[in-house]
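Structure below is target24.cif: mmCIF, C-alpha atoms.
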```cif
data_my_file
#
loop_
_atom_site.group_PDB
_atom_site.id
_atom_site.type_symbol
_atom_site.label_atom_id
_atom_site.label_comp_id
_atom_site.auth_asym_id
_atom_site.auth_seq_id
_atom_site.Cartn_x
_atom_site.Cartn_y
_atom_site.Cartn_z
ATOM 1 C CA MET A 14 58.527 172.104 88.498
ATOM 2 C CA ILE A 15 59.274 168.752 90.172
ATOM 3 C CA ALA A 16 58.210 166.833 87.067
ATOM 4 C CA GLU A 17 60.532 168.974 84.967
ATOM 5 C CA MET A 18 63.423 168.340 87.346
ATOM 6 C CA PHE A 19 63.115 164.564 87.121
ATOM 7 C CA ALA A 20 62.311 164.413 83.423
ATOM 8 C CA TYR A 21 65.993 163.787 82.743
ATOM 9 C CA GLU A 22 67.454 160.323 83.168
ATOM 10 C CA PHE A 23 70.566 161.599 84.953
ATOM 11 C CA MET A 24 68.357 163.353 87.521
ATOM 12 C CA GLN A 25 66.416 160.133 88.116
ATOM 13 C CA ARG A 26 69.669 158.295 88.807
ATOM 14 C CA ALA A 27 70.795 161.145 91.047
ATOM 15 C CA LEU A 28 67.529 160.972 93.033
ATOM 16 C CA LEU A 29 67.848 157.217 93.501
ATOM 17 C CA ALA A 30 71.462 157.605 94.615
ATOM 18 C CA ALA A 31 70.467 160.352 97.072
ATOM 19 C CA VAL A 32 67.761 158.170 98.641
ATOM 20 C CA LEU A 33 69.997 155.088 98.902
ATOM 21 C CA VAL A 34 72.973 156.968 100.346
ATOM 22 C CA GLY A 35 70.636 158.843 102.693
ATOM 23 C CA ILE A 36 69.330 155.547 104.093
ATOM 24 C CA LEU A 37 72.757 153.931 104.338
ATOM 25 C CA CYS A 38 74.484 156.901 105.967
ATOM 26 C CA SER A 39 71.646 157.436 108.433
ATOM 27 C CA VAL A 40 71.842 153.871 109.738
ATOM 28 C CA VAL A 41 75.628 153.899 110.083
ATOM 29 C CA SER A 42 75.492 157.435 111.496
ATOM 30 C CA PHE A 43 73.346 156.114 114.344
ATOM 31 C CA PHE A 44 76.244 153.991 115.641
ATOM 32 C CA VAL A 45 78.922 156.555 114.766
ATOM 33 C CA VAL A 46 77.290 159.179 116.986
ATOM 34 C CA LEU A 47 76.496 156.772 119.830
ATOM 35 C CA LYS A 48 80.053 155.399 119.889
ATOM 36 C CA ARG A 49 81.666 158.809 119.272
ATOM 37 C CA LEU A 50 83.479 157.836 116.082
ATOM 38 C CA SER A 51 82.922 161.110 114.214
ATOM 39 C CA PHE A 52 86.593 162.055 114.035
ATOM 40 C CA LEU A 53 87.431 158.575 112.747
ATOM 41 C CA GLY A 54 84.978 159.184 109.902
ATOM 42 C CA VAL A 55 86.829 162.372 108.983
ATOM 43 C CA GLY A 56 90.140 160.540 109.091
ATOM 44 C CA ILE A 57 88.943 157.670 106.907
ATOM 45 C CA ALA A 58 87.481 160.036 104.322
ATOM 46 C CA HIS A 59 90.666 162.044 103.931
ATOM 47 C CA THR A 60 92.998 159.032 104.070
ATOM 48 C CA ALA A 61 91.096 157.591 101.102
ATOM 49 C CA MET A 62 92.702 160.325 99.014
ATOM 50 C CA GLY A 63 95.900 158.281 99.076
ATOM 51 C CA GLY A 64 94.054 155.320 97.574
ATOM 52 C CA ILE A 65 92.375 157.412 94.908
ATOM 53 C CA ALA A 66 95.709 158.923 93.906
ATOM 54 C CA THR A 67 97.260 155.439 93.789
ATOM 55 C CA GLY A 68 94.515 154.303 91.439
ATOM 56 C CA LEU A 69 95.035 157.246 89.112
ATOM 57 C CA VAL A 70 98.803 156.775 88.989
ATOM 58 C CA THR A 71 98.736 153.001 88.521
ATOM 59 C CA GLY A 72 95.752 152.832 86.183
ATOM 60 C CA PHE A 73 93.542 150.877 88.579
ATOM 61 C CA ASN A 74 90.007 151.994 89.405
ATOM 62 C CA PRO A 75 90.428 155.002 91.777
ATOM 63 C CA PHE A 76 87.199 154.235 93.618
ATOM 64 C CA PHE A 77 88.149 150.667 94.495
ATOM 65 C CA CYS A 78 91.683 151.722 95.459
ATOM 66 C CA GLY A 79 90.129 154.351 97.720
ATOM 67 C CA CYS A 80 87.879 151.678 99.262
ATOM 68 C CA ALA A 81 90.912 149.493 99.991
ATOM 69 C CA PHE A 82 92.770 152.380 101.637
ATOM 70 C CA ALA A 83 89.706 153.384 103.652
ATOM 71 C CA VAL A 84 89.084 149.865 104.984
ATOM 72 C CA ILE A 85 92.772 149.268 105.787
ATOM 73 C CA THR A 86 92.951 152.618 107.597
ATOM 74 C CA ALA A 87 89.832 151.901 109.636
ATOM 75 C CA LEU A 88 91.040 148.453 110.683
ATOM 76 C CA ALA A 89 94.561 149.707 111.449
ATOM 77 C CA VAL A 90 93.229 152.497 113.668
ATOM 78 C CA GLY A 91 90.944 150.039 115.428
ATOM 79 C CA ASP A 92 93.728 147.511 115.969
ATOM 80 C CA ILE A 93 96.260 150.019 117.295
ATOM 81 C CA SER A 94 93.745 151.703 119.614
ATOM 82 C CA LYS A 95 92.492 148.328 120.885
ATOM 83 C CA ARG A 96 96.012 147.344 121.850
ATOM 84 C CA GLY A 97 96.091 150.455 124.000
ATOM 85 C CA LYS A 98 99.419 151.703 122.703
ATOM 86 C CA PHE A 99 98.032 155.075 121.597
ATOM 87 C CA ASP A 100 94.871 157.051 122.075
ATOM 88 C CA GLU A 101 92.424 156.610 119.178
ATOM 89 C CA ASP A 102 92.433 160.326 118.314
ATOM 90 C CA THR A 103 96.229 160.311 118.085
ATOM 91 C CA VAL A 104 96.249 157.354 115.698
ATOM 92 C CA ILE A 105 93.530 158.910 113.535
ATOM 93 C CA GLY A 106 95.460 162.179 113.341
ATOM 94 C CA ILE A 107 98.595 160.368 112.158
ATOM 95 C CA PHE A 108 96.775 158.350 109.489
ATOM 96 C CA PHE A 109 94.759 161.414 108.423
ATOM 97 C CA ALA A 110 97.896 163.472 107.758
ATOM 98 C CA THR A 111 99.853 160.602 106.210
ATOM 99 C CA GLY A 112 97.080 159.587 103.817
ATOM 100 C CA MET A 113 96.559 163.153 102.648
ATOM 101 C CA ALA A 114 100.294 163.761 102.221
ATOM 102 C CA PHE A 115 100.722 160.504 100.294
ATOM 103 C CA GLY A 116 97.838 161.405 97.986
ATOM 104 C CA ILE A 117 99.107 164.921 97.342
ATOM 105 C CA ALA A 118 102.615 163.603 96.613
ATOM 106 C CA LEU A 119 101.268 161.138 94.032
ATOM 107 C CA LEU A 120 98.897 163.648 92.437
ATOM 108 C CA SER A 121 101.789 166.058 91.918
ATOM 109 C CA LYS A 122 103.250 163.541 89.455
ATOM 110 C CA LEU A 123 100.124 163.349 87.302
ATOM 111 C CA LYS A 124 100.020 165.088 83.953
ATOM 112 C CA GLY A 125 96.870 166.283 82.232
ATOM 113 C CA TYR A 126 93.280 166.686 83.373
ATOM 114 C CA TYR A 127 91.462 163.969 85.339
ATOM 115 C CA PRO A 128 87.747 164.738 85.716
ATOM 116 C CA GLU A 129 87.189 161.640 87.877
ATOM 117 C CA LEU A 130 89.611 163.089 90.437
ATOM 118 C CA PHE A 131 87.559 166.244 90.900
ATOM 119 C CA SER A 132 84.377 164.165 91.006
ATOM 120 C CA LEU A 133 85.763 162.068 93.878
ATOM 121 C CA LEU A 134 87.250 165.032 95.731
ATOM 122 C CA PHE A 135 84.235 167.317 95.566
ATOM 123 C CA GLY A 136 81.381 165.010 94.527
ATOM 124 C CA ASN A 137 79.097 165.106 91.523
ATOM 125 C CA ILE A 138 75.853 163.250 92.063
ATOM 126 C CA LEU A 139 74.666 164.245 88.585
ATOM 127 C CA SER A 140 77.349 162.027 87.056
ATOM 128 C CA VAL A 141 76.145 158.874 88.840
ATOM 129 C CA SER A 142 75.967 155.995 86.350
ATOM 130 C CA THR A 143 74.051 152.728 86.398
ATOM 131 C CA ALA A 144 77.282 150.950 87.373
ATOM 132 C CA ASP A 145 77.692 153.371 90.303
ATOM 133 C CA LEU A 146 74.162 152.562 91.442
ATOM 134 C CA LEU A 147 74.886 148.828 91.313
ATOM 135 C CA VAL A 148 77.989 149.290 93.477
ATOM 136 C CA LEU A 149 75.963 151.434 95.868
ATOM 137 C CA VAL A 150 73.219 148.796 96.126
ATOM 138 C CA ALA A 151 75.808 146.044 96.741
ATOM 139 C CA VAL A 152 77.543 147.988 99.525
ATOM 140 C CA MET A 153 74.243 149.073 101.033
ATOM 141 C CA SER A 154 72.918 145.505 101.067
ATOM 142 C CA ALA A 155 76.065 144.179 102.762
ATOM 143 C CA VAL A 156 76.195 146.933 105.396
ATOM 144 C CA LEU A 157 72.474 146.823 106.232
ATOM 145 C CA LEU A 158 72.560 143.021 106.449
ATOM 146 C CA PHE A 159 75.444 143.267 108.924
ATOM 147 C CA VAL A 160 73.540 145.854 110.980
ATOM 148 C CA ALA A 161 70.308 143.837 110.900
ATOM 149 C CA LEU A 162 72.043 140.644 112.036
ATOM 150 C CA PHE A 163 73.942 142.273 114.900
ATOM 151 C CA PHE A 164 71.821 145.311 115.759
ATOM 152 C CA ARG A 165 71.403 144.533 119.469
ATOM 153 C CA GLU A 166 75.073 143.624 119.854
ATOM 154 C CA LEU A 167 76.209 146.796 118.070
ATOM 155 C CA LEU A 168 73.857 148.814 120.252
ATOM 156 C CA ALA A 169 75.315 147.196 123.360
ATOM 157 C CA ILE A 170 78.953 147.919 122.456
ATOM 158 C CA SER A 171 77.997 151.485 121.493
ATOM 159 C CA PHE A 172 76.580 152.178 124.957
ATOM 160 C CA ASP A 173 78.944 150.171 127.166
ATOM 161 C CA GLU A 174 81.708 148.118 125.566
ATOM 162 C CA GLU A 175 82.993 146.625 128.820
ATOM 163 C CA ALA A 176 79.554 145.464 129.924
ATOM 164 C CA ALA A 177 78.926 143.993 126.471
ATOM 165 C CA GLN A 178 82.177 142.026 126.643
ATOM 166 C CA ALA A 179 81.321 140.781 130.124
ATOM 167 C CA GLY A 180 77.979 139.631 128.712
ATOM 168 C CA GLY A 181 79.698 137.383 126.158
ATOM 169 C CA ILE A 182 79.338 139.627 123.103
ATOM 170 C CA PRO A 183 82.282 139.333 120.642
ATOM 171 C CA VAL A 184 83.180 143.009 120.954
ATOM 172 C CA THR A 185 86.373 143.137 118.886
ATOM 173 C CA PRO A 186 85.050 141.410 115.696
ATOM 174 C CA LEU A 187 81.884 143.531 115.793
ATOM 175 C CA TYR A 188 83.923 146.689 116.326
ATOM 176 C CA PHE A 189 86.070 145.878 113.291
ATOM 177 C CA GLY A 190 82.910 145.072 111.332
ATOM 178 C CA LEU A 191 81.478 148.486 112.240
ATOM 179 C CA LEU A 192 84.706 150.196 111.166
ATOM 180 C CA THR A 193 84.596 148.370 107.818
ATOM 181 C CA ALA A 194 80.963 149.391 107.348
ATOM 182 C CA MET A 195 81.948 152.996 108.080
ATOM 183 C CA ALA A 196 84.776 152.924 105.542
ATOM 184 C CA LEU A 197 82.597 151.480 102.756
ATOM 185 C CA THR A 198 79.756 153.879 103.547
ATOM 186 C CA ILE A 199 82.101 156.848 103.336
ATOM 187 C CA MET A 200 83.435 155.708 99.968
ATOM 188 C CA VAL A 201 80.006 155.273 98.347
ATOM 189 C CA SER A 202 79.072 158.694 99.753
ATOM 190 C CA VAL A 203 82.073 160.236 98.009
ATOM 191 C CA LYS A 204 80.226 160.153 94.667
ATOM 192 C CA LEU A 205 77.524 162.337 96.215
ATOM 193 C CA VAL A 206 79.446 164.923 98.183
ATOM 194 C CA GLY A 207 83.150 164.164 97.661
ATOM 195 C CA ILE A 208 85.914 163.253 100.081
ATOM 196 C CA VAL A 209 85.879 166.699 101.662
ATOM 197 C CA LEU A 210 82.267 166.440 102.857
ATOM 198 C CA ALA A 211 81.548 162.685 103.017
ATOM 199 C CA SER A 212 82.166 162.431 106.756
ATOM 200 C CA ALA A 213 79.357 164.952 107.366
ATOM 201 C CA LEU A 214 76.807 162.391 106.194
ATOM 202 C CA LEU A 215 77.973 160.063 108.983
ATOM 203 C CA VAL A 216 77.382 162.650 111.701
ATOM 204 C CA ILE A 217 74.571 165.089 110.932
ATOM 205 C CA PRO A 218 71.619 162.658 110.510
ATOM 206 C CA ALA A 219 72.074 160.873 113.845
ATOM 207 C CA ALA A 220 73.122 164.075 115.624
ATOM 208 C CA THR A 221 69.819 165.617 114.527
ATOM 209 C CA GLY A 222 67.905 162.577 115.727
ATOM 210 C CA TYR A 223 69.780 162.650 119.036
ATOM 211 C CA ARG A 224 68.685 166.241 119.723
ATOM 212 C CA LEU A 225 65.014 165.449 119.144
ATOM 213 C CA SER A 226 64.565 161.970 120.616
ATOM 214 C CA ARG A 227 64.289 160.326 124.021
ATOM 215 C CA ASN A 228 65.041 156.720 122.989
ATOM 216 C CA TYR A 229 67.148 154.934 120.384
ATOM 217 C CA ARG A 230 64.173 153.944 118.197
ATOM 218 C CA ALA A 231 63.099 157.549 117.733
ATOM 219 C CA MET A 232 66.713 158.583 117.213
ATOM 220 C CA LEU A 233 67.152 156.022 114.417
ATOM 221 C CA ALA A 234 63.857 157.016 112.777
ATOM 222 C CA LEU A 235 64.733 160.726 112.862
ATOM 223 C CA SER A 236 68.228 159.953 111.586
ATOM 224 C CA LEU A 237 66.691 158.202 108.573
ATOM 225 C CA LEU A 238 64.293 161.087 108.000
ATOM 226 C CA THR A 239 67.141 163.613 108.143
ATOM 227 C CA GLY A 240 69.453 161.578 105.922
ATOM 228 C CA VAL A 241 66.938 160.899 103.169
ATOM 229 C CA GLY A 242 65.187 164.264 103.409
ATOM 230 C CA GLY A 243 68.472 166.136 103.530
ATOM 231 C CA SER A 244 69.900 164.301 100.517
ATOM 232 C CA VAL A 245 66.798 164.748 98.373
ATOM 233 C CA GLY A 246 66.204 168.324 99.546
ATOM 234 C CA GLY A 247 69.831 169.259 98.917
ATOM 235 C CA LEU A 248 69.631 167.746 95.444
ATOM 236 C CA ALA A 249 66.568 169.861 94.649
ATOM 237 C CA ILE A 250 68.248 173.003 95.985
ATOM 238 C CA SER A 251 71.358 172.360 93.908
ATOM 239 C CA TYR A 252 69.210 171.967 90.786
ATOM 240 C CA TYR A 253 67.134 175.112 91.217
ATOM 241 C CA LEU A 254 69.866 177.369 92.609
ATOM 242 C CA ASP A 255 72.636 175.983 90.397
ATOM 243 C CA LEU A 256 74.848 175.029 93.341
ATOM 244 C CA PRO A 257 77.333 172.146 93.705
ATOM 245 C CA SER A 258 75.253 169.140 94.733
ATOM 246 C CA GLY A 259 77.566 167.960 97.525
ATOM 247 C CA ALA A 260 77.704 171.338 99.203
ATOM 248 C CA ALA A 261 73.942 171.821 98.871
ATOM 249 C CA ILE A 262 73.193 168.436 100.461
ATOM 250 C CA VAL A 263 75.479 169.012 103.445
ATOM 251 C CA LEU A 264 74.297 172.596 103.957
ATOM 252 C CA PHE A 265 70.649 171.531 103.876
ATOM 253 C CA MET A 266 71.328 168.781 106.433
ATOM 254 C CA ALA A 267 73.171 171.326 108.586
ATOM 255 C CA LEU A 268 70.096 173.560 108.370
ATOM 256 C CA LEU A 269 67.924 170.667 109.590
ATOM 257 C CA PHE A 270 70.338 170.099 112.485
ATOM 258 C CA SER A 271 70.249 173.800 113.384
ATOM 259 C CA ALA A 272 66.448 173.718 113.384
ATOM 260 C CA ALA A 273 66.547 170.659 115.648
ATOM 261 C CA MET A 274 68.878 172.490 118.038
ATOM 262 C CA VAL A 275 66.566 175.496 118.240
ATOM 263 C CA TYR A 276 63.471 173.341 118.708
ATOM 264 C CA SER A 277 65.057 171.166 121.396
ATOM 265 C CA ARG A 278 66.165 174.230 123.363
ATOM 266 C CA LYS A 279 62.677 175.751 123.246
ATOM 267 C CA ARG A 280 61.204 172.422 124.299
ATOM 268 C CA GLY A 281 63.685 172.259 127.175
#
```

Same coordinates, now as structure tokens:
Amino acid sequence: MIAEMFAYEFMQRALLAAVLVGILCSVVSFFVVLKRLSFLGVGIAHTAMGGIATGLVTGFNPFFCGCAFAVITALAVGDISKRGKFDEDTVIGIFFATGMAFGIALLSKLKGYYPELFSLLFGNILSVSTADLLVLVAVMSAVLLFVALFFRELLAISFDEEAAQAGGIPVTPLYFGLLTAMALTIMVSVKLVGIVLASALLVIPAATGYRLSRNYRAMLALSLLTGVGGSVGGLAISYYLDLPSGAAIVLFMALLFSAAMVYSRKRG
């Protein structure tokens, strides 16, 4: 059965994409959950719709336009919240609504059928191309290199930003770097599960690890296990049950999180 599933070249590319995105999202998810940036992930994902719509209207690559919008949104939210003029949740809510409204307004002017739009909105891992995999590998390499170089510093600002700053850690540049990593991770996840569900991949893996672990090493390991296992398992479920791949991946990860909740409660 498994051999039959991966006998097709498009399924092999889909499997590789699922593993790579699972690893990438799990690592970034670790910091998102620790620093409580889940709502920002939702905001970035939905604001990217404005960039995708801009790309479709202007003829530029929708994915790269979405990346630009996502990164600009993340940095703008970070800058405004750092200045202390507004609460971070308030800023995210404004950008969330504005980005979505801008995208909908532009899309209303489009004529004809645009399959790439539906692929980016709702995800279609089975349509992943070799070029998509190369972009994914490039983004993954950059993000993981950033995390590897500044892991201890990122961990410090995730637990106690004020203490980290007092200790001489460049908090603001690292915070902006983390926001950029989040934005790029969300955009490469869009091909898997779409804009609507991409933010889930930045929350569920680490949240599952958090429920089952007593230290950050175990949490990171369990986050990776959930992210990769959930992506691959969801892909298999979507193939055998003929379900949308994005929905199947997120639902399977949610099932893993629910199991972790039940187990952790029984364990006390």

Rank nothing, just name the residue among A:Ser154, A:Ser236, A:Thr198, A:Ser258 nearest to A:Gly79, using all atoms listed in the file.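 Under the stated criterion, the closest residue is A:Thr198.
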
Exercise: A:Thr111 partners within 9 Å, only C-alpha atoms, chain neighbours under 4 positions left out, as a PyMOL selection string: chain A and resi 60+63+106-107+115-116

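One distance worth recording is that between atom CA of A:Val203 and atom CA of A:Thr67, which is 16.5 Å.
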
Once the PyMOL selection byres ((chain A and resi 239) around 9) has been evaluated on this model, what residues remain selected, and can you format them as an mmCIF file with C-alpha atoms, in the frame of the given file?
```
data_model
loop_
_atom_site.group_PDB
_atom_site.id
_atom_site.type_symbol
_atom_site.label_atom_id
_atom_site.label_comp_id
_atom_site.auth_asym_id
_atom_site.auth_seq_id
_atom_site.Cartn_x
_atom_site.Cartn_y
_atom_site.Cartn_z
ATOM 1 C CA GLY A 35 70.636 158.843 102.693
ATOM 2 C CA SER A 39 71.646 157.436 108.433
ATOM 3 C CA ILE A 217 74.571 165.089 110.932
ATOM 4 C CA PRO A 218 71.619 162.658 110.510
ATOM 5 C CA ALA A 219 72.074 160.873 113.845
ATOM 6 C CA THR A 221 69.819 165.617 114.527
ATOM 7 C CA GLY A 222 67.905 162.577 115.727
ATOM 8 C CA ALA A 234 63.857 157.016 112.777
ATOM 9 C CA LEU A 235 64.733 160.726 112.862
ATOM 10 C CA SER A 236 68.228 159.953 111.586
ATOM 11 C CA LEU A 237 66.691 158.202 108.573
ATOM 12 C CA LEU A 238 64.293 161.087 108.000
ATOM 13 C CA GLY A 240 69.453 161.578 105.922
ATOM 14 C CA VAL A 241 66.938 160.899 103.169
ATOM 15 C CA GLY A 242 65.187 164.264 103.409
ATOM 16 C CA GLY A 243 68.472 166.136 103.530
ATOM 17 C CA SER A 244 69.900 164.301 100.517
ATOM 18 C CA MET A 266 71.328 168.781 106.433
ATOM 19 C CA LEU A 269 67.924 170.667 109.590
ATOM 20 C CA PHE A 270 70.338 170.099 112.485
#
```

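Distances to A:Leu225 were evaluated for A:Phe73, A:Phe265, A:Phe52, A:Tyr276 using all atoms listed in the file, and the minimum falls at A:Tyr276.
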
Which residues fall under the PyMOL selection byres ((chain A and resi 65) around 8) in this file, as a list in words?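 Selected by the PyMOL selection byres ((chain A and resi 65) around 8) here: Ala61, Met62, Gly63, Gly64, Ala66, Thr67, Gly68, Leu69, Pro75, Phe76, Phe77, Cys78, Gly79, Gly116 and Leu130 of chain A.
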
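Proximity to stretch 168-172 of chain A at 7 Å, evaluated using all atoms listed in the file and with sequence-adjacent residues fewer than 6 positions away removed, yields Phe44, Leu47, Lys48 and Val184 of chain A.
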
Nearest residue to A:Ala89 out of A:Met18, A:Val46, A:Ala196, A:Met24, using all atoms listed in the file?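 When distances to A:Ala89 are compared using all atoms listed in the file, the smallest one comes from A:Ala196.
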
If you measure from atom CA of A:Ser212 to atom CA of A:Arg227, what distance in Å do you get, rounded to one decimal?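 Answer for the atom CA of A:Ser212 to atom CA of A:Arg227 separation: 24.9 Å.
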
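We find atom CA of A:Val141 and atom CA of A:Leu248 to be spaced 12.8 Å apart.
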
Proximity to A:Leu120 - best of A:Leu214, A:Val41, A:Val70, A:Leu133, all atoms listed in the file: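 Answer, going by the shortest atom-to-atom distance: A:Val70.
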
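For the residues A:Ala144, A:Ile105, A:Val245, A:Val201, ranking by smallest atom-to-atom distance to A:Val55 using only C-alpha atoms places A:Ile105 first.
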
Which polymer residues have any atom within 12 Å of an atom of A:Leu191, counting only C-alpha atoms, with same-chain residues fewer than 4 positions away left out, as a VMD selection string? chain A and resid 40 to 45 48 50 53 to 54 84 87 to 88 91 155 to 160 163 to 164 166 to 168 170 to 171 184 to 187 195 to 198

Translate the PyMOL selection byres ((chain A and resi 28) around 9) into a concrete residue list for this structure, as a PyMOL selection string. chain A and resi 19+23-27+29-33+138+244-245+248

Can you list, as a count of residues only, every protein, DNA or RNA residue that comes within 12 Å of A:Phe135 when you count all atoms listed in the file, leaving out same-chain residues fewer than 3 positions away? 25

Shortest interatomic distance to A:Asp102 - which of A:Ser51, A:Ser226, A:Ser251, A:Ser271, counting all atoms listed in the file: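 The answer is A:Ser51, which sits nearest to A:Asp102.
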
Rebuild stretch 174-190 of chain A so that it carries N, CA and C atoms, then output the result as a compact mmCIF listing (two decimals), keeping the file's coordinate frame.
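To be explicit, this is the file written out as out30.txt:
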```txt
# COMPACT_ATOMS: atom_id res chain seq x y z
N GLU A 174 80.91 149.19 126.17
CA GLU A 174 81.71 148.12 125.57
C GLU A 174 82.15 147.09 126.60
N GLU A 175 82.52 147.55 127.79
CA GLU A 175 82.99 146.62 128.82
C GLU A 175 81.87 145.71 129.31
N ALA A 176 80.69 146.27 129.49
CA ALA A 176 79.55 145.46 129.92
C ALA A 176 79.16 144.46 128.84
N ALA A 177 79.25 144.89 127.58
CA ALA A 177 78.93 143.99 126.47
C ALA A 177 79.89 142.82 126.42
N GLN A 178 81.18 143.09 126.65
CA GLN A 178 82.18 142.03 126.64
C GLN A 178 81.96 141.07 127.81
N ALA A 179 81.61 141.62 128.96
CA ALA A 179 81.32 140.78 130.12
C ALA A 179 80.10 139.90 129.88
N GLY A 180 79.19 140.39 129.03
CA GLY A 180 77.98 139.63 128.71
C GLY A 180 78.17 138.59 127.62
N GLY A 181 79.41 138.42 127.15
CA GLY A 181 79.70 137.38 126.16
C GLY A 181 79.59 137.83 124.72
N ILE A 182 79.43 139.11 124.48
CA ILE A 182 79.34 139.63 123.10
C ILE A 182 80.74 139.73 122.51
N PRO A 183 80.96 139.23 121.28
CA PRO A 183 82.28 139.33 120.64
C PRO A 183 82.57 140.78 120.22
N VAL A 184 83.04 141.57 121.15
CA VAL A 184 83.18 143.01 120.95
C VAL A 184 84.15 143.36 119.83
N THR A 185 85.34 142.76 119.85
CA THR A 185 86.37 143.14 118.89
C THR A 185 85.97 142.86 117.44
N PRO A 186 85.48 141.65 117.09
CA PRO A 186 85.05 141.41 115.70
C PRO A 186 83.93 142.35 115.25
N LEU A 187 82.98 142.63 116.15
CA LEU A 187 81.88 143.53 115.79
C LEU A 187 82.38 144.96 115.62
N TYR A 188 83.34 145.35 116.45
CA TYR A 188 83.92 146.69 116.33
C TYR A 188 84.63 146.85 114.98
N PHE A 189 85.40 145.84 114.59
CA PHE A 189 86.07 145.88 113.29
C PHE A 189 85.05 145.84 112.16
N GLY A 190 83.97 145.10 112.35
CA GLY A 190 82.91 145.07 111.33
C GLY A 190 82.27 146.43 111.16
```
